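Source file: upload.pdb; contents: PDB, C-alpha atoms.
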```pdb
ATOM      1  CA  MET A 933     -42.490 294.631 186.651  1.00  0.00           C
ATOM      2  CA  ASN A 934     -40.139 293.572 183.875  1.00  0.00           C
ATOM      3  CA  THR A 935     -36.746 293.648 185.564  1.00  0.00           C
ATOM      4  CA  PRO A 936     -33.884 293.203 183.113  1.00  0.00           C
ATOM      5  CA  VAL A 937     -31.325 290.545 183.927  1.00  0.00           C
ATOM      6  CA  ASN A 938     -28.194 290.695 181.805  1.00  0.00           C
ATOM      7  CA  ASN A 939     -30.002 293.468 179.899  1.00  0.00           C
ATOM      8  CA  LEU A 940     -32.610 291.009 178.562  1.00  0.00           C
ATOM      9  CA  THR A 941     -36.302 291.669 179.235  1.00  0.00           C
ATOM     10  CA  ALA A 942     -39.413 289.569 178.714  1.00  0.00           C
ATOM     11  CA  ASP A 943     -40.447 291.834 175.842  1.00  0.00           C
ATOM     12  CA  GLU A 944     -37.095 291.250 174.106  1.00  0.00           C
ATOM     13  CA  VAL A 945     -37.400 287.479 174.550  1.00  0.00           C
ATOM     14  CA  ARG A 946     -40.965 287.525 173.222  1.00  0.00           C
ATOM     15  CA  ALA A 947     -39.844 289.598 170.224  1.00  0.00           C
ATOM     16  CA  ALA A 948     -37.063 287.122 169.399  1.00  0.00           C
ATOM     17  CA  LEU A 949     -38.709 283.796 170.297  1.00  0.00           C
ATOM     18  CA  ASP A 950     -42.070 282.057 170.235  1.00  0.00           C
ATOM     19  CA  TYR A 951     -42.640 279.615 173.090  1.00  0.00           C
ATOM     20  CA  ASP A 952     -45.129 276.750 173.210  1.00  0.00           C
ATOM     21  CA  PRO A 953     -45.924 276.149 176.906  1.00  0.00           C
ATOM     22  CA  ALA A 954     -47.521 272.763 176.129  1.00  0.00           C
ATOM     23  CA  THR A 955     -44.360 271.330 174.536  1.00  0.00           C
ATOM     24  CA  GLY A 956     -41.670 273.588 176.021  1.00  0.00           C
ATOM     25  CA  ALA A 957     -40.292 274.269 172.537  1.00  0.00           C
ATOM     26  CA  PHE A 958     -38.910 277.601 171.378  1.00  0.00           C
ATOM     27  CA  THR A 959     -38.843 278.790 167.771  1.00  0.00           C
ATOM     28  CA  ARG A 960     -37.138 281.851 166.361  1.00  0.00           C
ATOM     29  CA  ARG A 961     -39.368 284.717 165.252  1.00  0.00           C
ATOM     30  CA  GLY A 962     -36.875 285.988 162.713  1.00  0.00           C
ATOM     31  CA  GLY A 963     -36.360 289.724 162.969  1.00  0.00           C
ATOM     32  CA  PHE A 964     -33.444 290.910 160.817  1.00  0.00           C
ATOM     33  CA  HIS A 965     -32.734 287.344 159.604  1.00  0.00           C
ATOM     34  CA  ALA A 966     -36.389 286.300 159.211  1.00  0.00           C
ATOM     35  CA  LYS A 967     -35.886 284.434 155.928  1.00  0.00           C
ATOM     36  CA  ARG A 968     -33.020 282.418 157.310  1.00  0.00           C
ATOM     37  CA  TRP A 969     -34.059 281.758 160.931  1.00  0.00           C
ATOM     38  CA  GLY A 970     -37.765 282.588 161.242  1.00  0.00           C
ATOM     39  CA  GLY A 971     -39.844 279.627 162.435  1.00  0.00           C
ATOM     40  CA  LYS A 972     -36.789 277.420 163.050  1.00  0.00           C
ATOM     41  CA  PRO A 973     -36.320 275.619 166.388  1.00  0.00           C
ATOM     42  CA  ALA A 974     -34.169 277.499 168.891  1.00  0.00           C
ATOM     43  CA  GLY A 975     -31.707 275.907 171.284  1.00  0.00           C
ATOM     44  CA  VAL A 976     -29.572 272.826 171.654  1.00  0.00           C
ATOM     45  CA  VAL A 977     -29.220 270.312 174.466  1.00  0.00           C
ATOM     46  CA  HIS A 978     -25.857 270.915 176.133  1.00  0.00           C
ATOM     47  CA  LYS A 979     -23.822 267.681 176.093  1.00  0.00           C
ATOM     48  CA  GLY A 980     -22.314 268.352 179.523  1.00  0.00           C
ATOM     49  CA  HIS A 981     -25.284 269.205 181.739  1.00  0.00           C
ATOM     50  CA  GLY A 982     -28.322 268.259 179.645  1.00  0.00           C
ATOM     51  CA  TYR A 983     -30.118 271.624 179.787  1.00  0.00           C
ATOM     52  CA  VAL A 984     -31.323 273.330 176.595  1.00  0.00           C
ATOM     53  CA  VAL A 985     -29.292 276.453 175.805  1.00  0.00           C
ATOM     54  CA  ILE A 986     -30.542 279.203 173.479  1.00  0.00           C
ATOM     55  CA  LYS A 987     -28.231 281.850 172.069  1.00  0.00           C
ATOM     56  CA  LEU A 988     -29.585 285.386 171.946  1.00  0.00           C
ATOM     57  CA  GLY A 989     -27.147 287.994 170.786  1.00  0.00           C
ATOM     58  CA  THR A 990     -23.713 286.954 171.997  1.00  0.00           C
ATOM     59  CA  ARG A 991     -24.869 285.078 175.098  1.00  0.00           C
ATOM     60  CA  GLY A 992     -26.335 281.642 175.773  1.00  0.00           C
ATOM     61  CA  TYR A 993     -29.346 281.370 178.101  1.00  0.00           C
ATOM     62  CA  LEU A 994     -30.872 278.343 179.780  1.00  0.00           C
ATOM     63  CA  ALA A 995     -34.173 277.655 178.032  1.00  0.00           C
ATOM     64  CA  HIS A 996     -36.078 276.840 181.222  1.00  0.00           C
ATOM     65  CA  ARG A 997     -35.228 280.304 182.597  1.00  0.00           C
ATOM     66  CA  LEU A 998     -36.278 281.923 179.312  1.00  0.00           C
ATOM     67  CA  ALA A 999     -39.557 279.947 179.430  1.00  0.00           C
ATOM     68  CA  TRP A1000     -40.254 281.327 182.897  1.00  0.00           C
ATOM     69  CA  LEU A1001     -39.445 284.871 181.735  1.00  0.00           C
ATOM     70  CA  HIS A1002     -41.553 284.458 178.589  1.00  0.00           C
ATOM     71  CA  VAL A1003     -44.636 283.245 180.503  1.00  0.00           C
ATOM     72  CA  HIS A1004     -44.409 285.184 183.781  1.00  0.00           C
ATOM     73  CA  GLY A1005     -42.731 288.369 182.537  1.00  0.00           C
ATOM     74  CA  VAL A1006     -40.002 288.268 185.201  1.00  0.00           C
ATOM     75  CA  TRP A1007     -36.856 286.256 185.784  1.00  0.00           C
ATOM     76  CA  PRO A1008     -37.293 283.548 188.421  1.00  0.00           C
ATOM     77  CA  SER A1009     -36.274 284.768 191.871  1.00  0.00           C
ATOM     78  CA  LEU A1010     -35.190 281.265 192.988  1.00  0.00           C
ATOM     79  CA  LYS A1011     -33.777 278.226 191.215  1.00  0.00           C
ATOM     80  CA  LEU A1012     -36.005 276.465 188.713  1.00  0.00           C
ATOM     81  CA  ASP A1013     -36.664 272.775 189.154  1.00  0.00           C
ATOM     82  CA  HIS A1014     -37.796 270.350 186.465  1.00  0.00           C
ATOM     83  CA  LYS A1015     -40.466 268.385 188.372  1.00  0.00           C
ATOM     84  CA  ASN A1016     -39.938 265.211 186.349  1.00  0.00           C
ATOM     85  CA  GLY A1017     -36.132 265.458 186.505  1.00  0.00           C
ATOM     86  CA  VAL A1018     -35.759 265.720 182.707  1.00  0.00           C
ATOM     87  CA  ARG A1019     -33.548 268.751 182.149  1.00  0.00           C
ATOM     88  CA  SER A1020     -34.611 269.243 178.538  1.00  0.00           C
ATOM     89  CA  ASP A1021     -38.360 269.183 179.335  1.00  0.00           C
ATOM     90  CA  ASN A1022     -39.185 272.902 179.456  1.00  0.00           C
ATOM     91  CA  ARG A1023     -42.989 272.733 179.508  1.00  0.00           C
ATOM     92  CA  ILE A1024     -44.145 275.464 181.876  1.00  0.00           C
ATOM     93  CA  GLU A1025     -46.167 272.925 183.917  1.00  0.00           C
ATOM     94  CA  ASN A1026     -42.920 271.012 184.543  1.00  0.00           C
ATOM     95  CA  LEU A1027     -41.109 274.055 185.982  1.00  0.00           C
ATOM     96  CA  ARG A1028     -41.335 275.415 189.519  1.00  0.00           C
ATOM     97  CA  GLU A1029     -39.339 277.832 191.630  1.00  0.00           C
ATOM     98  CA  VAL A1030     -37.548 276.080 194.484  1.00  0.00           C
ATOM     99  CA  THR A1031     -35.027 276.729 197.197  1.00  0.00           C
ATOM    100  CA  ASP A1032     -31.627 275.020 197.061  1.00  0.00           C
ATOM    101  CA  GLN A1033     -32.846 272.464 199.607  1.00  0.00           C
ATOM    102  CA  GLN A1034     -36.053 271.662 197.701  1.00  0.00           C
ATOM    103  CA  ASN A1035     -34.009 271.260 194.524  1.00  0.00           C
ATOM    104  CA  THR A1036     -31.730 268.791 196.325  1.00  0.00           C
ATOM    105  CA  TRP A1037     -34.726 266.758 197.496  1.00  0.00           C
ATOM    106  CA  ASN A1038     -35.868 266.299 193.905  1.00  0.00           C
ATOM    107  CA  ARG A1039     -32.522 264.955 192.637  1.00  0.00           C
ATOM    108  CA  LYS A1040     -32.205 261.556 191.083  1.00  0.00           C
ATOM    109  CA  ARG A1041     -30.116 258.866 192.750  1.00  0.00           C
ATOM    110  CA  HIS A1042     -26.371 259.372 192.614  1.00  0.00           C
ATOM    111  CA  VAL A1043     -24.723 257.576 189.691  1.00  0.00           C
ATOM    112  CA  THR A1044     -22.282 255.792 192.021  1.00  0.00           C
ATOM    113  CA  ASN A1045     -25.105 254.223 194.046  1.00  0.00           C
ATOM    114  CA  GLU A1046     -24.304 250.527 193.691  1.00  0.00           C
ATOM    115  CA  ALA A1047     -27.722 249.358 194.930  1.00  0.00           C
ATOM    116  CA  GLY A1048     -29.383 250.982 191.920  1.00  0.00           C
ATOM    117  CA  VAL A1049     -32.102 252.652 194.013  1.00  0.00           C
ATOM    118  CA  LYS A1050     -32.029 255.916 195.912  1.00  0.00           C
ATOM    119  CA  GLY A1051     -31.489 255.816 199.672  1.00  0.00           C
ATOM    120  CA  VAL A1052     -30.394 252.164 199.845  1.00  0.00           C
ATOM    121  CA  SER A1053     -27.032 250.497 200.355  1.00  0.00           C
ATOM    122  CA  TYR A1054     -25.886 246.896 200.850  1.00  0.00           C
ATOM    123  CA  LYS A1055     -24.247 246.088 204.191  1.00  0.00           C
ATOM    124  CA  GLU A1056     -22.288 242.862 204.150  1.00  0.00           C
ATOM    125  CA  HIS A1057     -21.136 243.382 207.747  1.00  0.00           C
ATOM    126  CA  LEU A1058     -24.792 243.473 208.874  1.00  0.00           C
ATOM    127  CA  ARG A1059     -25.330 239.856 207.840  1.00  0.00           C
ATOM    128  CA  ASN A1060     -25.966 240.785 204.212  1.00  0.00           C
ATOM    129  CA  LYS A1061     -28.791 243.206 204.864  1.00  0.00           C
ATOM    130  CA  TRP A1062     -29.982 246.309 203.049  1.00  0.00           C
ATOM    131  CA  CYS A1063     -29.786 249.645 204.832  1.00  0.00           C
ATOM    132  CA  ALA A1064     -32.074 252.625 204.132  1.00  0.00           C
ATOM    133  CA  THR A1065     -30.921 256.166 204.960  1.00  0.00           C
ATOM    134  CA  ILE A1066     -32.084 259.678 204.135  1.00  0.00           C
ATOM    135  CA  ARG A1067     -30.476 263.109 204.402  1.00  0.00           C
ATOM    136  CA  VAL A1068     -32.678 265.695 206.120  1.00  0.00           C
ATOM    137  CA  ASP A1069     -31.509 269.217 207.026  1.00  0.00           C
ATOM    138  CA  GLY A1070     -27.936 268.264 206.169  1.00  0.00           C
ATOM    139  CA  LYS A1071     -27.880 265.247 208.485  1.00  0.00           C
ATOM    140  CA  GLN A1072     -27.848 261.597 207.473  1.00  0.00           C
ATOM    141  CA  ARG A1073     -30.688 259.719 209.198  1.00  0.00           C
ATOM    142  CA  HIS A1074     -30.891 255.966 209.555  1.00  0.00           C
ATOM    143  CA  ILE A1075     -34.287 254.570 208.512  1.00  0.00           C
ATOM    144  CA  GLY A1076     -33.654 250.891 209.134  1.00  0.00           C
ATOM    145  CA  VAL A1077     -32.115 247.593 208.059  1.00  0.00           C
ATOM    146  CA  PHE A1078     -34.119 245.274 205.801  1.00  0.00           C
ATOM    147  CA  PRO A1079     -33.814 241.749 204.388  1.00  0.00           C
ATOM    148  CA  THR A1080     -34.365 242.877 200.774  1.00  0.00           C
ATOM    149  CA  LYS A1081     -33.414 245.840 198.619  1.00  0.00           C
ATOM    150  CA  GLU A1082     -37.085 246.345 197.723  1.00  0.00           C
ATOM    151  CA  ALA A1083     -38.165 246.586 201.379  1.00  0.00           C
ATOM    152  CA  ALA A1084     -35.398 249.098 202.111  1.00  0.00           C
ATOM    153  CA  HIS A1085     -36.403 251.186 199.104  1.00  0.00           C
ATOM    154  CA  GLU A1086     -40.085 251.192 200.133  1.00  0.00           C
ATOM    155  CA  ALA A1087     -39.039 252.476 203.573  1.00  0.00           C
ATOM    156  CA  TYR A1088     -36.930 255.195 201.908  1.00  0.00           C
ATOM    157  CA  LYS A1089     -39.864 256.252 199.693  1.00  0.00           C
ATOM    158  CA  ARG A1090     -42.184 256.578 202.711  1.00  0.00           C
ATOM    159  CA  ALA A1091     -39.580 258.635 204.597  1.00  0.00           C
ATOM    160  CA  ALA A1092     -38.921 260.884 201.572  1.00  0.00           C
ATOM    161  CA  GLU A1093     -42.646 261.547 201.141  1.00  0.00           C
ATOM    162  CA  ARG A1094     -42.997 262.340 204.857  1.00  0.00           C
ATOM    163  CA  HIS A1095     -40.009 264.736 204.917  1.00  0.00           C
ATOM    164  CA  PHE A1096     -40.115 266.304 201.442  1.00  0.00           C
ATOM    165  CA  GLY A1097     -43.749 266.075 200.289  1.00  0.00           C
ATOM    166  CA  GLU A1098     -44.224 267.022 196.633  1.00  0.00           C
ATOM    167  CA  TYR A1099     -40.443 267.401 196.164  1.00  0.00           C
ATOM    168  CA  ALA A1100     -39.711 263.780 197.117  1.00  0.00           C
ATOM    169  CA  ARG A1101     -38.006 261.770 194.386  1.00  0.00           C
ATOM    170  CA  SER A1102     -37.423 258.095 195.005  1.00  0.00           C
ATOM    171  CA  GLU A1103     -35.697 257.203 191.729  1.00  0.00           C
TER     172      GLU A1103
END
```
Represent the structure from my file as structure tokens, please.
Amino acid sequence: MNTPVNNLTADEVRAALDYDPATGAFTRRGGFHAKRWGGKPAGVVHKGHGYVVIKLGTRGYLAHRLAWLHVHGVWPSLKLDHKNGVRSDNRIENLREVTDQQNTWNRKRHVTNEAGVKGVSYKEHLRNKWCATIRVDGKQRHIGVFPTKEAAHEAYKRAAERHFGEYARSE
């Protein structure tokens, strides 16, 4: 079924844009302005959030959602996750539908993480040790205290793989 979202269907997207699933790139098909826009790349990387945005009509659409619609014929029913974490990489093999929780599991480390690796923090009050923690089901869980940052990060990676499986991201 081709359910319209915001009055835009898969057929309309396919009429306006060509999509290369191997590269994730969109090009304009032309239509009324074929001489001017036909065959030209569509979309720009948004400076604020890093996703590719494509304007169709008077509205901007996220390219990864248009890719899903173009290939599958329906809008995604859940959020779309970029498996490799690169928001501008819209190859269909890099996209998957996920729940909010699965999307959270696949996030990169927080930019304010002073240790430089996900799930690890330095604890001066613990005799200068490195602490590994992980958030599961909304609760912070202590993994352990380690003599080196690398050992703490390895413990975090094992815990993330155990809890989150294919959605685990350790970077």
Can you tell me which residues surround Gly975 of chain A at a distance of at most 8 Å, considering all atoms listed in the file, apart from same-chain residues fewer than 4 positions away, and format the answer as a list of chain:residue names?
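The neighbour list is A:Phe958, A:Val984, A:Val985, A:Ile986, A:Lys987, A:Ala995.
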Would you save the residues from that selection as a short mmCIF file (atom, residue, chain, number, x, y, z; two decimals), keeping the file's coordinate frame, using C-alpha atoms?
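File written: result-v3.cif
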```cif
data_model
loop_
_atom_site.label_atom_id
_atom_site.label_comp_id
_atom_site.auth_asym_id
_atom_site.auth_seq_id
_atom_site.Cartn_x
_atom_site.Cartn_y
_atom_site.Cartn_z
CA PHE A 958 -38.91 277.60 171.38
CA VAL A 984 -31.32 273.33 176.60
CA VAL A 985 -29.29 276.45 175.80
CA ILE A 986 -30.54 279.20 173.48
CA LYS A 987 -28.23 281.85 172.07
CA ALA A 995 -34.17 277.65 178.03
#
```
Restricting the calculation to only C-alpha atoms, which member of A:Ile1024, A:Leu949, A:Val976, A:Ala1083 is positioned closest to Val1049 of chain A?
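Smallest distance to Val1049 of chain A is found for A:Ala1083.
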Can you spell out as a PDB file with C-alpha atoms, keeping the file's coordinate frame the set of residues that the PyMOL selection byres ((chain A and resi 996) around 9) selects in the structure I just provided?
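Okay, this is what ended up in result_27.pdb:
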```pdb
ATOM      1  CA  GLY A 956     -41.670 273.588 176.021  1.00  0.00           C
ATOM      2  CA  TYR A 983     -30.118 271.624 179.787  1.00  0.00           C
ATOM      3  CA  VAL A 984     -31.323 273.330 176.595  1.00  0.00           C
ATOM      4  CA  VAL A 985     -29.292 276.453 175.805  1.00  0.00           C
ATOM      5  CA  TYR A 993     -29.346 281.370 178.101  1.00  0.00           C
ATOM      6  CA  LEU A 994     -30.872 278.343 179.780  1.00  0.00           C
ATOM      7  CA  ALA A 995     -34.173 277.655 178.032  1.00  0.00           C
ATOM      8  CA  ARG A 997     -35.228 280.304 182.597  1.00  0.00           C
ATOM      9  CA  LEU A 998     -36.278 281.923 179.312  1.00  0.00           C
ATOM     10  CA  ALA A 999     -39.557 279.947 179.430  1.00  0.00           C
ATOM     11  CA  TRP A1000     -40.254 281.327 182.897  1.00  0.00           C
ATOM     12  CA  LEU A1001     -39.445 284.871 181.735  1.00  0.00           C
ATOM     13  CA  LEU A1012     -36.005 276.465 188.713  1.00  0.00           C
ATOM     14  CA  ASP A1013     -36.664 272.775 189.154  1.00  0.00           C
ATOM     15  CA  HIS A1014     -37.796 270.350 186.465  1.00  0.00           C
ATOM     16  CA  ARG A1019     -33.548 268.751 182.149  1.00  0.00           C
ATOM     17  CA  SER A1020     -34.611 269.243 178.538  1.00  0.00           C
ATOM     18  CA  ASP A1021     -38.360 269.183 179.335  1.00  0.00           C
ATOM     19  CA  ASN A1022     -39.185 272.902 179.456  1.00  0.00           C
ATOM     20  CA  ARG A1023     -42.989 272.733 179.508  1.00  0.00           C
ATOM     21  CA  ILE A1024     -44.145 275.464 181.876  1.00  0.00           C
ATOM     22  CA  LEU A1027     -41.109 274.055 185.982  1.00  0.00           C
TER      23      LEU A1027
END
```
Let me make sure I understand: among A:Glu1086, A:Asp1032, A:Asp943, A:Asp952, which one has the smallest atom-to-atom distance to Gly1070 of chain A if we use all atoms listed in the file?
A:Asp1032
Quick one: pull the distance between atom CA of Val977 of chain A and atom CA of Ala957 of chain A, Å, one decimal.
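Interatomic distance, atom CA of Val977 of chain A to atom CA of Ala957 of chain A: 11.9 Å.
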Explicit residues for the PyMOL selection byres ((chain A and resi 950) around 9) (as a PyMOL selection string):
chain A and resi 945-949+951-952+957-961+971+1002
Residue list as a PyMOL selection string for point (-39.8, 253.5, 200.8), cut-off 10 Å, all atoms listed in the file:
chain A and resi 1050-1052+1064+1075+1082-1093+1102
Hey, can you check how far atom CA of Phe1078 of chain A sits from atom CA of Trp1062 of chain A?
5.1 Å
Because some atoms of segment 978-989 of chain A are absent here, can you restore N, CA, C and O atoms and send them as a PDB file, in the frame of the given file?
```
ATOM      1  N   HIS A 978     -27.280 270.878 175.787  1.00  0.00           N
ATOM      2  CA  HIS A 978     -25.857 270.915 176.133  1.00  0.00           C
ATOM      3  C   HIS A 978     -25.393 269.512 176.494  1.00  0.00           C
ATOM      4  O   HIS A 978     -26.018 268.831 177.318  1.00  0.00           O
ATOM      5  N   LYS A 979     -24.313 269.048 175.869  1.00  0.00           N
ATOM      6  CA  LYS A 979     -23.822 267.681 176.093  1.00  0.00           C
ATOM      7  C   LYS A 979     -23.340 267.458 177.514  1.00  0.00           C
ATOM      8  O   LYS A 979     -23.409 266.348 178.028  1.00  0.00           O
ATOM      9  N   GLY A 980     -22.855 268.499 178.174  1.00  0.00           N
ATOM     10  CA  GLY A 980     -22.314 268.352 179.523  1.00  0.00           C
ATOM     11  C   GLY A 980     -23.359 268.247 180.615  1.00  0.00           C
ATOM     12  O   GLY A 980     -23.345 267.324 181.417  1.00  0.00           O
ATOM     13  N   HIS A 981     -24.327 269.179 180.630  1.00  0.00           N
ATOM     14  CA  HIS A 981     -25.284 269.205 181.739  1.00  0.00           C
ATOM     15  C   HIS A 981     -26.708 268.819 181.357  1.00  0.00           C
ATOM     16  O   HIS A 981     -27.540 268.613 182.225  1.00  0.00           O
ATOM     17  N   GLY A 982     -27.014 268.732 180.077  1.00  0.00           N
ATOM     18  CA  GLY A 982     -28.322 268.259 179.645  1.00  0.00           C
ATOM     19  C   GLY A 982     -29.416 269.299 179.561  1.00  0.00           C
ATOM     20  O   GLY A 982     -30.541 268.987 179.193  1.00  0.00           O
ATOM     21  N   TYR A 983     -29.129 270.560 179.907  1.00  0.00           N
ATOM     22  CA  TYR A 983     -30.118 271.624 179.787  1.00  0.00           C
ATOM     23  C   TYR A 983     -30.104 272.166 178.355  1.00  0.00           C
ATOM     24  O   TYR A 983     -29.074 272.160 177.689  1.00  0.00           O
ATOM     25  N   VAL A 984     -31.252 272.679 177.901  1.00  0.00           N
ATOM     26  CA  VAL A 984     -31.323 273.330 176.595  1.00  0.00           C
ATOM     27  C   VAL A 984     -30.771 274.741 176.744  1.00  0.00           C
ATOM     28  O   VAL A 984     -31.133 275.465 177.677  1.00  0.00           O
ATOM     29  N   VAL A 985     -29.893 275.120 175.814  1.00  0.00           N
ATOM     30  CA  VAL A 985     -29.292 276.453 175.805  1.00  0.00           C
ATOM     31  C   VAL A 985     -29.699 277.146 174.505  1.00  0.00           C
ATOM     32  O   VAL A 985     -29.626 276.562 173.429  1.00  0.00           O
ATOM     33  N   ILE A 986     -30.137 278.405 174.638  1.00  0.00           N
ATOM     34  CA  ILE A 986     -30.542 279.203 173.479  1.00  0.00           C
ATOM     35  C   ILE A 986     -29.650 280.433 173.423  1.00  0.00           C
ATOM     36  O   ILE A 986     -29.508 281.145 174.412  1.00  0.00           O
ATOM     37  N   LYS A 987     -29.088 280.675 172.250  1.00  0.00           N
ATOM     38  CA  LYS A 987     -28.231 281.850 172.069  1.00  0.00           C
ATOM     39  C   LYS A 987     -29.073 283.026 171.585  1.00  0.00           C
ATOM     40  O   LYS A 987     -29.796 282.928 170.600  1.00  0.00           O
ATOM     41  N   LEU A 988     -28.967 284.115 172.326  1.00  0.00           N
ATOM     42  CA  LEU A 988     -29.585 285.386 171.946  1.00  0.00           C
ATOM     43  C   LEU A 988     -28.499 286.436 171.992  1.00  0.00           C
ATOM     44  O   LEU A 988     -27.886 286.641 173.036  1.00  0.00           O
ATOM     45  N   GLY A 989     -28.266 287.061 170.858  1.00  0.00           N
ATOM     46  CA  GLY A 989     -27.147 287.994 170.786  1.00  0.00           C
ATOM     47  C   GLY A 989     -25.851 287.217 170.906  1.00  0.00           C
ATOM     48  O   GLY A 989     -25.633 286.236 170.200  1.00  0.00           O
TER      49      GLY A 989
END
```
